[in-house]
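K.L.:
If it helps, the file is called data-v8.tsv and holds TSV, C-alpha atoms:
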```tsv
chain	number	residue	atom	x	y	z
A	1	MET	CA	2.47	18.62	2.29
A	2	SER	CA	1.83	21.23	4.97
A	3	ASP	CA	0.20	18.94	7.53
A	4	ARG	CA	2.84	16.21	7.36
A	5	LEU	CA	4.00	15.00	10.74
A	6	THR	CA	7.58	15.89	11.64
A	7	VAL	CA	9.95	13.15	12.78
A	8	ALA	CA	12.95	12.75	15.05
A	9	LEU	CA	15.25	9.72	14.97
A	10	ASP	CA	16.48	8.02	18.13
A	11	VAL	CA	20.24	7.72	17.50
A	12	ARG	CA	21.36	6.30	20.83
A	13	CYS	CA	22.39	3.04	19.13
A	14	LEU	CA	25.19	4.91	17.37
A	15	ASP	CA	27.08	4.53	20.65
A	16	GLN	CA	27.55	0.91	19.50
A	17	PRO	CA	28.58	1.59	15.88
A	18	PHE	CA	28.93	-2.03	14.71
A	19	THR	CA	25.43	-3.18	15.65
A	20	SER	CA	22.67	-3.77	13.13
A	21	TYR	CA	20.67	-0.97	14.77
A	22	ALA	CA	23.46	1.55	14.16
A	23	ARG	CA	23.57	0.38	10.57
A	24	VAL	CA	19.82	0.97	10.21
A	25	ILE	CA	20.19	4.49	11.62
A	26	ARG	CA	22.69	5.29	8.89
A	27	LEU	CA	20.29	3.92	6.25
A	28	ILE	CA	17.42	6.01	7.64
A	29	ARG	CA	19.54	9.17	7.57
A	30	THR	CA	20.36	8.64	3.90
A	31	ALA	CA	16.76	7.76	3.04
A	32	ALA	CA	15.49	10.97	4.66
A	33	LYS	CA	17.95	13.03	2.60
A	34	ALA	CA	16.85	11.23	-0.57
A	35	VAL	CA	13.29	12.57	-0.15
A	36	ASP	CA	14.26	15.96	1.33
A	37	LEU	CA	12.80	15.09	4.71
A	38	GLU	CA	14.13	17.05	7.66
A	39	LEU	CA	15.16	14.56	10.32
A	40	LYS	CA	15.91	15.71	13.82
A	41	GLU	CA	18.13	13.47	15.95
A	42	TRP	CA	17.36	12.59	19.56
A	43	ARG	CA	19.22	11.08	22.48
A	44	GLU	CA	17.42	12.45	25.54
A	45	GLY	CA	15.06	15.16	26.69
A	46	ALA	CA	12.61	16.73	24.23
A	47	CYS	CA	12.71	15.44	20.66
A	48	GLY	CA	11.11	18.54	19.10
A	49	ALA	CA	9.03	16.59	16.58
A	50	ASP	CA	5.57	15.05	16.22
A	51	VAL	CA	6.99	11.52	15.91
A	52	LEU	CA	10.00	9.89	17.54
A	53	TRP	CA	11.27	6.85	15.61
A	54	THR	CA	13.48	4.34	17.40
A	55	PRO	CA	15.14	1.61	15.26
A	56	ASP	CA	15.44	-0.96	18.05
A	57	PRO	CA	12.71	-2.60	20.16
A	58	THR	CA	12.73	-0.19	23.10
A	59	VAL	CA	10.35	2.43	24.47
A	60	PRO	CA	12.21	5.78	24.60
A	61	LYS	CA	11.19	8.46	27.08
A	62	ALA	CA	11.16	11.87	25.41
A	63	SER	CA	10.09	14.67	27.73
A	64	ASP	CA	7.73	16.29	25.19
A	65	ASP	CA	5.66	13.11	24.78
A	66	PRO	CA	5.73	12.61	20.98
A	67	ARG	CA	4.01	9.86	19.05
A	68	LEU	CA	6.28	6.81	19.13
A	69	LEU	CA	7.16	4.89	15.99
A	70	LEU	CA	8.76	1.76	17.47
A	71	THR	CA	10.62	-0.78	15.35
A	72	ILE	CA	10.53	-4.56	15.65
A	73	GLN	CA	13.07	-6.08	13.26
A	74	ASP	CA	12.39	-9.77	13.93
A	75	LEU	CA	11.23	-12.24	16.55
A	76	ASN	CA	14.61	-13.79	17.27
A	77	PRO	CA	14.01	-14.04	21.05
A	78	MET	CA	11.07	-16.36	20.40
A	79	LEU	CA	13.27	-18.90	18.61
A	80	LEU	CA	14.70	-22.07	20.06
A	81	ASP	CA	18.43	-21.71	20.51
A	82	GLY	CA	21.30	-23.26	22.43
A	83	ARG	CA	20.10	-22.00	25.81
A	84	SER	CA	18.56	-24.29	28.40
A	85	ALA	CA	14.77	-24.68	28.43
A	86	PHE	CA	14.50	-22.43	31.50
A	87	ALA	CA	16.74	-19.75	29.99
A	88	ARG	CA	14.71	-19.80	26.77
A	89	TRP	CA	11.49	-19.49	28.75
A	90	ARG	CA	12.84	-16.48	30.67
A	91	ARG	CA	14.08	-14.86	27.46
A	92	ALA	CA	10.75	-15.35	25.70
A	93	ARG	CA	8.85	-14.03	28.74
A	94	ARG	CA	11.00	-10.87	28.82
A	95	TYR	CA	10.39	-10.37	25.12
A	96	ARG	CA	6.63	-10.84	25.48
A	97	ASN	CA	6.63	-8.23	28.23
A	98	LEU	CA	8.60	-5.90	25.97
A	99	ILE	CA	6.12	-6.35	23.09
A	100	ASP	CA	3.27	-5.63	25.51
A	101	ARG	CA	4.96	-2.36	26.53
A	102	ILE	CA	5.57	-1.46	22.89
A	103	ASP	CA	1.93	-2.21	22.06
A	104	GLN	CA	0.76	0.04	24.90
A	105	SER	CA	3.15	2.89	24.03
A	106	ALA	CA	3.52	2.99	20.25
A	107	TRP	CA	1.65	5.18	17.81
A	108	ARG	CA	2.70	2.73	15.09
A	109	ILE	CA	4.92	-0.37	15.03
A	110	CYS	CA	7.43	-0.33	12.19
A	111	VAL	CA	8.54	-3.61	10.57
A	112	PRO	CA	10.99	-4.10	7.68
A	113	SER	CA	9.03	-6.86	5.92
A	114	GLN	CA	5.63	-8.46	5.63
A	115	ALA	CA	7.18	-11.64	7.02
A	116	THR	CA	7.95	-9.86	10.30
A	117	ALA	CA	4.41	-8.43	10.42
A	118	THR	CA	2.94	-11.90	9.89
A	119	SER	CA	5.13	-13.42	12.62
A	120	LEU	CA	4.11	-10.69	15.05
A	121	GLU	CA	0.45	-11.35	14.34
A	122	GLU	CA	0.95	-15.09	14.85
A	123	HIS	CA	2.88	-14.80	18.12
A	124	PHE	CA	0.94	-11.82	19.49
A	125	PRO	CA	-2.66	-12.13	18.23
A	126	ALA	CA	-3.90	-9.54	20.75
A	127	LEU	CA	-1.63	-6.81	19.34
A	128	GLN	CA	-3.64	-3.57	18.99
A	129	THR	CA	-1.17	-1.15	17.41
A	130	SER	CA	-1.20	-0.70	13.64
A	131	MET	CA	1.89	-1.92	11.80
A	132	VAL	CA	3.65	-0.03	9.02
A	133	GLN	CA	6.37	-1.37	6.76
A	134	VAL	CA	9.65	0.38	5.91
A	135	PRO	CA	12.06	-1.78	3.89
A	136	TRP	CA	15.84	-1.47	4.13
A	137	TYR	CA	18.25	-1.31	1.21
A	138	PRO	CA	21.94	-1.81	0.41
A	139	SER	CA	23.87	1.43	0.92
A	140	SER	CA	25.68	3.04	-1.99
A	141	GLU	CA	29.08	1.40	-1.40
A	142	PHE	CA	27.54	-1.93	-2.42
A	143	HIS	CA	27.53	-1.91	-6.22
A	144	GLY	CA	28.58	-3.98	-9.22
A	145	GLY	CA	31.54	-1.80	-10.21
A	146	GLU	CA	35.18	-1.85	-9.21
A	147	HIS	CA	36.13	-2.06	-5.54
A	148	PRO	CA	39.44	-1.36	-3.78
A	149	PRO	CA	41.46	-4.45	-2.79
A	150	ILE	CA	41.08	-5.89	0.69
A	151	GLN	CA	44.01	-5.45	3.04
A	152	GLY	CA	45.18	-8.60	4.77
A	153	GLU	CA	44.73	-12.33	4.27
A	154	VAL	CA	41.94	-13.03	1.77
A	155	PRO	CA	41.99	-15.67	-0.99
A	156	LYS	CA	42.04	-14.66	-4.62
A	157	PRO	CA	38.58	-14.13	-6.20
A	158	GLY	CA	36.45	-17.22	-6.64
A	159	TYR	CA	35.79	-18.27	-3.05
A	160	LEU	CA	32.51	-19.25	-1.43
A	161	LEU	CA	31.34	-16.71	1.13
A	162	TYR	CA	29.25	-16.70	4.31
A	163	VAL	CA	28.57	-13.46	6.20
A	164	GLY	CA	26.84	-13.56	9.57
A	165	ALA	CA	27.40	-14.10	13.25
A	166	LEU	CA	27.93	-17.72	14.28
A	167	ARG	CA	24.59	-17.85	16.07
A	168	GLN	CA	22.20	-20.76	15.96
A	169	HIS	CA	19.44	-19.06	13.98
A	170	LYS	CA	21.96	-18.20	11.25
A	171	ASN	CA	22.25	-21.95	10.53
A	172	TRP	CA	26.00	-21.63	9.86
A	173	PRO	CA	26.76	-25.40	10.27
A	174	LEU	CA	24.92	-25.99	6.99
A	175	VAL	CA	27.54	-23.90	5.16
A	176	LEU	CA	30.37	-26.10	6.46
A	177	LYS	CA	28.45	-29.29	5.63
A	178	VAL	CA	27.68	-28.04	2.13
A	179	TYR	CA	31.31	-27.15	1.54
A	180	ALA	CA	32.41	-30.57	2.79
A	181	GLY	CA	29.94	-32.15	0.35
A	182	LEU	CA	31.49	-30.50	-2.70
A	183	PRO	CA	33.83	-32.57	-4.90
A	184	LYS	CA	37.42	-32.24	-3.75
A	185	ALA	CA	38.42	-30.61	-7.03
A	186	LEU	CA	35.96	-27.79	-6.44
A	187	ARG	CA	37.13	-27.29	-2.86
A	188	GLU	CA	40.72	-27.07	-4.06
A	189	LYS	CA	39.73	-24.38	-6.53
A	190	HIS	CA	37.26	-22.49	-4.33
A	191	PRO	CA	38.10	-21.96	-0.65
A	192	LEU	CA	35.41	-21.01	1.86
A	193	VAL	CA	35.46	-17.63	3.63
A	194	MET	CA	33.42	-17.34	6.84
A	195	LEU	CA	32.99	-13.74	8.05
A	196	GLY	CA	31.29	-13.17	11.38
A	197	SER	CA	31.67	-13.02	15.10
A	198	GLY	CA	32.41	-16.33	16.76
A	199	HIS	CA	31.71	-14.99	20.25
A	200	ARG	CA	29.19	-17.74	21.06
A	201	SER	CA	30.01	-20.60	18.73
A	202	GLY	CA	33.49	-20.02	17.34
A	203	LYS	CA	35.09	-23.02	19.03
A	204	GLN	CA	32.22	-25.25	17.94
A	205	ALA	CA	32.57	-24.02	14.35
A	206	TYR	CA	36.30	-24.70	14.22
A	207	GLU	CA	35.76	-28.19	15.62
A	208	LEU	CA	33.08	-28.97	13.04
A	209	ALA	CA	35.40	-27.86	10.23
A	210	LYS	CA	38.04	-30.25	11.57
A	211	GLN	CA	35.56	-33.12	11.83
A	212	LEU	CA	34.49	-32.53	8.22
A	213	ASP	CA	38.15	-32.46	7.14
A	214	ILE	CA	37.86	-29.02	5.56
A	215	ALA	CA	39.71	-26.90	8.15
A	216	ASP	CA	42.62	-26.23	5.79
A	217	ARG	CA	40.25	-24.77	3.15
A	218	VAL	CA	38.27	-22.45	5.47
A	219	LEU	CA	39.34	-18.89	6.22
A	220	TRP	CA	37.74	-17.37	9.32
A	221	LEU	CA	37.48	-13.58	9.25
A	222	GLN	CA	36.52	-11.22	12.06
A	223	GLY	CA	36.88	-7.48	12.38
A	224	LEU	CA	36.88	-6.76	8.64
A	225	ALA	CA	36.47	-3.01	8.08
A	226	ASN	CA	33.01	-2.03	6.82
A	227	ALA	CA	34.65	-0.34	3.82
A	228	GLU	CA	36.14	-3.69	2.76
A	229	LEU	CA	32.90	-5.68	2.84
A	230	PRO	CA	31.79	-4.71	-0.70
A	231	SER	CA	35.11	-5.99	-2.08
A	232	LEU	CA	34.62	-9.27	-0.20
A	233	TYR	CA	31.16	-9.74	-1.74
A	234	ALA	CA	32.33	-8.75	-5.22
A	235	SER	CA	35.06	-11.41	-5.34
A	236	ALA	CA	32.83	-14.29	-4.24
A	237	SER	CA	31.74	-16.93	-6.75
A	238	VAL	CA	28.77	-17.88	-4.55
A	239	PHE	CA	27.24	-16.28	-1.46
A	240	LEU	CA	25.61	-18.79	0.93
A	241	PHE	CA	22.94	-17.54	3.35
A	242	PRO	CA	21.06	-20.38	5.10
A	243	SER	CA	19.57	-18.26	7.92
A	244	LEU	CA	16.44	-19.59	9.64
A	245	LEU	CA	15.16	-16.15	10.66
A	246	GLU	CA	15.62	-12.72	9.11
A	247	GLY	CA	13.56	-9.64	9.75
A	248	PHE	CA	14.64	-8.36	6.35
A	249	GLY	CA	17.89	-9.89	5.07
A	250	LEU	CA	20.42	-7.23	4.11
A	251	PRO	CA	23.50	-9.47	3.53
A	252	PRO	CA	22.10	-11.34	0.50
A	253	LEU	CA	20.89	-8.04	-0.98
A	254	GLU	CA	24.32	-6.50	-0.44
A	255	ALA	CA	25.91	-9.53	-2.08
A	256	GLN	CA	23.58	-9.20	-5.07
A	257	ALA	CA	24.34	-5.48	-5.34
A	258	CYS	CA	28.03	-6.41	-5.67
A	259	GLY	CA	27.33	-9.04	-8.31
A	260	ALA	CA	27.60	-12.24	-6.25
A	261	PRO	CA	25.22	-15.13	-7.05
A	262	VAL	CA	23.12	-15.96	-3.98
A	263	ILE	CA	21.83	-19.23	-2.54
A	264	ALA	CA	19.58	-18.58	0.44
A	265	ALA	CA	17.14	-20.34	2.72
A	266	ALA	CA	13.48	-20.27	1.74
A	267	THR	CA	12.56	-18.98	5.20
A	268	SER	CA	11.07	-15.92	6.92
A	269	SER	CA	11.59	-12.72	4.89
A	270	LEU	CA	14.09	-14.08	2.36
A	271	PRO	CA	11.58	-15.24	-0.32
A	272	GLU	CA	9.90	-11.84	0.01
A	273	VAL	CA	13.12	-9.84	-0.34
A	274	LEU	CA	14.90	-12.01	-2.92
A	275	ALA	CA	11.86	-13.26	-4.87
A	276	ASP	CA	13.04	-15.31	-7.88
A	277	SER	CA	16.43	-13.60	-8.11
A	278	ALA	CA	18.21	-16.18	-5.94
A	279	CYS	CA	18.23	-19.93	-5.52
A	280	LEU	CA	15.97	-20.48	-2.49
A	281	LEU	CA	16.25	-23.86	-0.79
A	282	PRO	CA	15.04	-25.63	2.36
A	283	PRO	CA	17.43	-24.72	5.19
A	284	ASP	CA	18.07	-28.35	6.16
A	285	ASP	CA	18.54	-30.02	2.75
A	286	VAL	CA	22.33	-30.27	2.54
A	287	GLN	CA	22.35	-32.18	-0.74
A	288	ALA	CA	20.14	-29.58	-2.45
A	289	TRP	CA	22.59	-26.89	-1.38
A	290	VAL	CA	25.54	-28.96	-2.59
A	291	ASP	CA	23.90	-29.48	-5.99
A	292	ALA	CA	23.01	-25.80	-6.38
A	293	THR	CA	26.50	-24.70	-5.36
A	294	CYS	CA	28.12	-27.12	-7.79
A	295	LYS	CA	25.96	-25.81	-10.62
A	296	LEU	CA	26.99	-22.21	-10.00
A	297	LEU	CA	30.66	-23.11	-9.66
A	298	GLU	CA	30.76	-25.32	-12.74
A	299	ASP	CA	28.45	-23.42	-15.10
A	300	PRO	CA	29.63	-19.89	-16.09
A	301	GLN	CA	26.30	-19.16	-17.78
A	302	ALA	CA	24.42	-20.01	-14.59
A	303	ARG	CA	26.67	-17.61	-12.66
A	304	VAL	CA	26.06	-14.82	-15.19
A	305	ALA	CA	22.30	-15.38	-15.06
A	306	ALA	CA	22.33	-15.36	-11.24
A	307	ARG	CA	24.44	-12.19	-11.19
A	308	GLU	CA	22.09	-10.39	-13.58
A	309	ALA	CA	18.99	-11.53	-11.68
A	310	GLY	CA	20.48	-10.28	-8.42
A	311	LEU	CA	21.45	-6.89	-9.83
A	312	ALA	CA	17.92	-6.50	-11.21
A	313	ASN	CA	16.35	-7.46	-7.88
A	314	VAL	CA	18.38	-4.88	-5.98
A	315	GLN	CA	16.79	-2.13	-8.09
A	316	ARG	CA	13.60	-2.64	-6.04
A	317	TYR	CA	15.37	-1.28	-2.95
A	318	SER	CA	16.91	2.16	-2.55
A	319	ALA	CA	17.20	5.13	-0.22
A	320	GLN	CA	14.41	6.76	-2.25
A	321	THR	CA	12.12	3.74	-1.79
A	322	THR	CA	12.71	3.70	1.96
A	323	GLY	CA	12.28	7.47	2.22
A	324	GLN	CA	8.99	7.33	0.34
A	325	ALA	CA	7.74	4.60	2.70
A	326	LEU	CA	8.50	6.89	5.63
A	327	LEU	CA	6.71	9.84	3.98
A	328	ARG	CA	3.60	7.71	3.52
A	329	ILE	CA	3.57	7.03	7.25
A	330	LEU	CA	3.98	10.70	8.12
A	331	ASP	CA	1.27	11.69	5.64
A	332	GLN	CA	-1.31	9.34	7.13
A	333	VAL	CA	-4.69	10.98	7.63
A	334	ASP	CA	-5.49	8.87	10.70
A	335	ARG	CA	-3.24	10.35	13.34
```
Would you encode the structure as structure tokens?

P.N.:
Amino acid sequence: MSDRLTVALDVRCLDQPFTSYARVIRLIRTAAKAVDLELKEWREGACGADVLWTPDPTVPKASDDPRLLLTIQDLNPMLLDGRSAFARWRRARRYRNLIDRIDQSAWRICVPSQATATSLEEHFPALQTSMVQVPWYPSSEFHGGEHPPIQGEVPKPGYLLYVGALRQHKNWPLVLKVYAGLPKALREKHPLVMLGSGHRSGKQAYELAKQLDIADRVLWLQGLANAELPSLYASASVFLFPSLLEGFGLPPLEAQACGAPVIAAATSSLPEVLADSACLLPPDDVQAWVDATCKLLEDPQARVAAREAGLANVQRYSAQTTGQALLRILDQVDR
């Protein structure tokens, strides 16, 4: 299409390669290639394109004044967390000021899910900028085939798996409580692997595992190479994802792409992204999670059905799908 807007991608977040924003940049690059879209890359100065897309909630300053496509992944800063009431108030105020600046500066606001769009409308009813949706997808290394073995200390296949930072909105204590609620025979057969940064809550997590008398059956992993993550998913009997807030929810999709049955919280974007392909449960109902986990561990047919449903669901998301969503934005008549 000759009048399609050209786009440049803000890649400054690649300076922090292990952040979710850097990960999204890599997905966008691949999606652009999948639809033969030329994608310039920008760090400073002139971007040389009609549209400058930044994957994190900032307002970049390109010297040639392009249209700004600014991304809001989720509304995490508006959540209650472990901070004091005053600290939460300051954090929320800063975020409200940021959203106001984005609203004043953006040509379009990009969100990864309808759930994020709905939350934005609820928290910021005066928002004037049009929202557009670009979904993410599991990258090609996440698949249901063979994976190379993981180097280092990892249990044999059959473990329960949690992947996510030990932050309050990830609801990680539920995973430990669910594991503690399993019959002892199942715990002896299926250890629990917890992968994620414990920067904020690591000590608290270890103490909770001790209190629940499961510390000897929990393996804490940090710093696993990105190339080894697909193997970790593929060898899990059940993937547990009780997060209270997700802008999209890549980990459960990645787990499904690798063939792992998923139990996830029925919150935020997860019902939208997972639909009926996963067991979706209230994020505070420990017994429901225990029962669902037991069923998957004890019933091979249930595991096969969950695996097949997950693999089918993942087919809805691809680099091509994401690239086409971007093309639709660039082809918009209203400019």

K.L.:
Give the answer as one residue: which of A:Lys295, A:Arg67, A:His169, A:Lys210 has the shortest atom-to-atom distance to Gln104 (chain A), using all atoms listed in the file?

P.N.:
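Of the candidates, the smallest distance to Gln104 (chain A) is held by A:Arg67.
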
K.L.:
Taking only C-alpha atoms into account, which of A:Ser63, A:Leu311, A:Pro271, A:Leu161 comes nearest Thr293 (chain A)?

P.N.:
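When distances to Thr293 (chain A) are compared using only C-alpha atoms, the smallest one comes from A:Leu161.
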
K.L.:
Tell me, as a list of chain:residue names, which residues lie within 10 Å of Arg23 (chain A), counting only C-alpha atoms; anything in the same chain fewer than 5 positions away does not count.

P.N.:
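Close residues of Arg23 (chain A): A:Cys13, A:Leu14, A:Gln16, A:Pro17, A:Phe18, A:Ile28, A:Pro55, A:Ser139.
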
K.L.:
Those same residues, written as a PDB file, keeping the file's coordinate frame with C-alpha atoms?

P.N.:
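Generated output (part_17.pdb):
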```
ATOM      1  CA  CYS A  13      22.390   3.040  19.130  1.00  0.00           C
ATOM      2  CA  LEU A  14      25.190   4.910  17.370  1.00  0.00           C
ATOM      3  CA  GLN A  16      27.550   0.910  19.500  1.00  0.00           C
ATOM      4  CA  PRO A  17      28.580   1.590  15.880  1.00  0.00           C
ATOM      5  CA  PHE A  18      28.930  -2.030  14.710  1.00  0.00           C
ATOM      6  CA  ILE A  28      17.420   6.010   7.640  1.00  0.00           C
ATOM      7  CA  PRO A  55      15.140   1.610  15.260  1.00  0.00           C
ATOM      8  CA  SER A 139      23.870   1.430   0.920  1.00  0.00           C
TER       9      SER A 139
END
```

K.L.:
Which residue, A:Ser197, A:Gly145, A:Lys203, A:Ala266, has the smallest gap to Trp289 (chain A) when you use all atoms listed in the file?

P.N.:
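The shortest atom-to-atom distance to Trp289 (chain A) comes from A:Ala266.
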
K.L.:
Go through A:Pro283, A:Pro138, A:Pro242, A:Gly249 and flag the residue nearest Ser269 (chain A), using all atoms listed in the file for the distances.

P.N.:
A:Gly249

K.L.:
Out of A:Leu9, A:Leu253, A:Leu296, A:Val111, which residue has the shortest atom-to-atom distance to Lys40 (chain A) when counting all atoms listed in the file?

P.N.:
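Ranking A:Leu9, A:Leu253, A:Leu296, A:Val111 by distance to Lys40 (chain A), first place goes to A:Leu9.
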
K.L.:
Pick from A:Ser105, A:Glu254, A:Leu75, A:Arg90: nearest to Val163 (chain A), with all atoms listed in the file counted?

P.N.:
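That would be A:Glu254, the residue with the smallest distance to Val163 (chain A).
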
K.L.:
Considering only C-alpha atoms, return as a PyMOL selection string whatever protein or nucleic-acid residues lie within 12 Å of Leu240 (chain A), sequence-local ones (same chain, fewer than 5 positions apart) excluded.

P.N.:
chain A and resi 159-164+170-179+192-195+233+251-253+255-256+260-265+278-281+283+289-290+292-293+296

K.L.:
Using CA of Val218 (chain A) and CA of Pro191 (chain A) as the two end points, give the distance in Å to one decimal.

P.N.:
6.1 Å

K.L.:
Find the spatial neighbours of Gly202 (chain A), counting all atoms listed in the file, within a cut-off of 12 Å - ignore same-chain residues fewer than 6 positions away - and output them as a PyMOL selection string.

P.N.:
chain A and resi 165-168+172-173+194-196+208-209+220-222

K.L.:
Show me, as a ChimeraX atom specification, the residues that have an atom within 12 Å of region 44-49 of chain A when counting only C-alpha atoms, minus same-chain residues fewer than 3 positions from it.

P.N.:
/A:4-12,38-41,52-54,60-69,330

K.L.:
Please, which residues are within 12 Å of (16.4, 6.6, -0.8) by the file's coordinates, counting only C-alpha atoms, and could they come as an NGL selection string?

P.N.:
:A and (26-37 or 134-140 or 315-327)

K.L.:
Just give me the gap between CA of Gln73 (chain A) and CA of Ala257 (chain A) in Å, one decimal is fine.

P.N.:
21.8 Å

K.L.:
Work out how far CA of Ser235 (chain A) is from CA of Gly310 (chain A), in Å to one decimal.

P.N.:
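Answer for the CA of Gly310 (chain A) to CA of Ser235 (chain A) separation: 14.9 Å.
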
K.L.:
Dump as a list of chain:residue names all residues having an atom at most 7 Å from (8.2, 3.7, 12.3), computed in the file's coordinates with all atoms listed in the file.

P.N.:
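I get A:Trp53, A:Leu69, A:Leu70, A:Thr71, A:Arg108, A:Ile109, A:Cys110, A:Val132 for the residues within 7 Å of that point.
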
K.L.:
I'd like the neighbourhood of region 225-229 of chain A as a list in words, where a residue qualifies if any of its atoms comes within 9 Å (using only C-alpha atoms), though same-chain residues fewer than 4 positions away should be ignored.

P.N.:
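Skipping anything fewer than 4 positions along the chain leaves Phe18, Glu141, Phe142, His147, Pro148, Pro149, Ile150, Gln151, Tyr233 and Ala234 of chain A.
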